[in-house]
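A.B. asks: Pasting a structure here, questions to come.
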Amino acid sequence: MQSAKMAIVAATGLSRDVLHLHIGLAAFFSVAAITRRSLGSLVPWFAVVLLASVGEALDWHDDVRSLGYWRWEASLHDLLNTVFWPTVLLLVYRFSSRPFGHHR
């Protein structure tokens, strides 16, 4: 898993942190579009949380196998980076008195 991440970093020139941000937003918007759910729906947000959790579970496995321990701080950092903007958008859409994209 780590080698795949490093290949993507090398191919794109983006940092791992920025890739986590992009992946989180891409998953959030994609799931919302595919399921035809609002960005205020929990469905796209939960999909991002699930995706990020699976990715970090794979990282945990790689860490334990290669290092003998889990770098939980790095996993928490990656998880928060992945879900940050989807969480902000979810909250804005759920609690805004006039959601974006709705014109009268």
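By order of appearance in the structure tokens: chains A, B, ..., then residues from 1 within every chain, and ligands from 1 in the order shown.
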Find the residues around Ala47 in chain A up to 8 Å (only C-alpha atoms counted), leave out those fewer than 5 positions away in its own chain, and share them as a ChimeraX atom specification.

C.D. replies: /A:27-28,31

A.B. asks: Would you save the residues of that selection, restricted to C-alpha atoms, as a compact mmCIF listing (two decimals), in the first residue's frame?

C.D. replies:
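Printed below is part_14.txt as written:
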# COMPACT_ATOMS: atom_id res chain seq x y z
CA ALA A 27 -15.02 10.59 -2.85
CA PHE A 28 -17.49 12.97 -1.18
CA VAL A 31 -20.73 9.42 -3.83

A.B. asks: Excluding Thr87 in chain A and any residue of its chain fewer than 4 positions from it, enumerate the residues within 7 Å of it, using only C-alpha atoms, and give them as a ChimeraX atom specification.

C.D. replies: /A:45,83,91

A.B. asks: Which residue, A:Pro44, A:Asp78, A:Pro86, A:Asp17, has the smallest gap to Ser30 in chain A when you use only C-alpha atoms?

C.D. replies: A:Pro44

A.B. asks: So that I can see what lies close to range 56-63 of chain A, please list as a PyMOL selection string the residues with an atom at most 10 Å from it, counting only C-alpha atoms and leaving out residues fewer than 6 positions away in the same chain.

C.D. replies: chain A and resi 1-2+50+69-72+74-76+78-79

A.B. asks: Leaving out Phe29 in chain A and any residue of its chain fewer than 5 positions from it, which residues lie within 12 Å of it when counting only C-alpha atoms, given as a short mmCIF file (atom, residue, chain, number, x, y, z; two decimals) with N, CA and C atoms, in the first residue's frame?

C.D. replies:
data_model
loop_
_atom_site.label_atom_id
_atom_site.label_comp_id
_atom_site.auth_asym_id
_atom_site.auth_seq_id
_atom_site.Cartn_x
_atom_site.Cartn_y
_atom_site.Cartn_z
N HIS A 22 -7.53 15.74 -1.60
CA HIS A 22 -8.16 15.50 -2.90
C HIS A 22 -9.01 14.23 -2.89
N ILE A 23 -8.48 13.18 -2.32
CA ILE A 23 -9.21 11.91 -2.29
C ILE A 23 -10.50 12.05 -1.48
N GLY A 24 -10.42 12.73 -0.35
CA GLY A 24 -11.61 12.94 0.46
C GLY A 24 -12.69 13.72 -0.27
N ILE A 34 -23.34 9.96 -7.45
CA ILE A 34 -23.78 8.61 -7.80
C ILE A 34 -25.06 8.24 -7.08
N THR A 35 -25.15 8.61 -5.81
CA THR A 35 -26.35 8.26 -5.03
C THR A 35 -27.44 9.32 -5.14
N ARG A 36 -27.13 10.41 -5.82
CA ARG A 36 -28.06 11.54 -5.97
C ARG A 36 -28.50 12.09 -4.62
N ARG A 37 -27.54 12.14 -3.72
CA ARG A 37 -27.79 12.67 -2.39
C ARG A 37 -27.24 14.09 -2.29
N SER A 38 -27.82 14.85 -1.43
CA SER A 38 -27.34 16.20 -1.14
C SER A 38 -25.99 16.11 -0.43
N LEU A 39 -25.21 17.17 -0.54
CA LEU A 39 -23.97 17.22 0.21
C LEU A 39 -24.24 17.33 1.71
N GLY A 40 -25.48 17.61 2.07
CA GLY A 40 -25.88 17.63 3.47
C GLY A 40 -26.31 16.27 3.99
N SER A 41 -26.34 15.28 3.11
CA SER A 41 -26.68 13.92 3.52
C SER A 41 -25.48 13.27 4.19
N VAL A 43 -24.78 10.15 3.87
CA VAL A 43 -24.30 9.04 3.04
C VAL A 43 -22.94 9.34 2.41
N PRO A 44 -22.76 10.47 1.70
CA PRO A 44 -21.43 10.75 1.13
C PRO A 44 -20.35 10.90 2.21
N TRP A 45 -20.72 11.50 3.34
CA TRP A 45 -19.74 11.69 4.40
C TRP A 45 -19.29 10.36 4.99
N ALA A 47 -19.29 7.55 3.50
CA ALA A 47 -18.47 6.88 2.49
C ALA A 47 -17.02 7.35 2.59
N VAL A 48 -16.81 8.63 2.81
CA VAL A 48 -15.45 9.17 2.96
C VAL A 48 -14.80 8.61 4.23
N TRP A 85 -12.47 18.49 4.87
CA TRP A 85 -13.33 19.30 4.00
C TRP A 85 -14.69 18.66 3.76
N PRO A 86 -14.80 17.36 3.60
CA PRO A 86 -16.15 16.78 3.53
C PRO A 86 -16.98 17.08 4.79
N LEU A 89 -18.10 20.76 4.54
CA LEU A 89 -19.19 20.89 3.57
C LEU A 89 -20.49 20.29 4.11
N LEU A 90 -20.41 19.13 4.73
CA LEU A 90 -21.59 18.52 5.32
C LEU A 90 -22.25 19.47 6.31
#

A.B. asks: What does the distance from CA of Leu25 in chain A to CA of Thr82 in chain A come to in Å, to one decimal?

C.D. replies: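 Computing it gives 7.7 Å between the two atoms.
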
A.B. asks: Record the distance separating CA of Ala7 in chain A and CA of Glu73 in chain A, expressed in Å with one decimal.

C.D. replies: 22.3 Å

A.B. asks: Report, in Å to a single decimal, how far apart CA of Phe84 in chain A and CA of Val49 in chain A are.

C.D. replies: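 So the two atoms, CA of Val49 in chain A and CA of Phe84 in chain A, lie 10.1 Å apart.
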
A.B. asks: Mind the document's chain letters and residue numbers, and return as a count of residues only the residues of chain A that DSSP labels alpha helix (DSSP H).

C.D. replies: 81

A.B. asks: Would you list the contacts of Arg16 in chain A as a ChimeraX atom specification, taking every protein, DNA or RNA residue within 9 Å and counting only C-alpha atoms, but skipping same-chain residues closer than 5 positions in sequence?

C.D. replies: /A:5-6,8-9,21,78
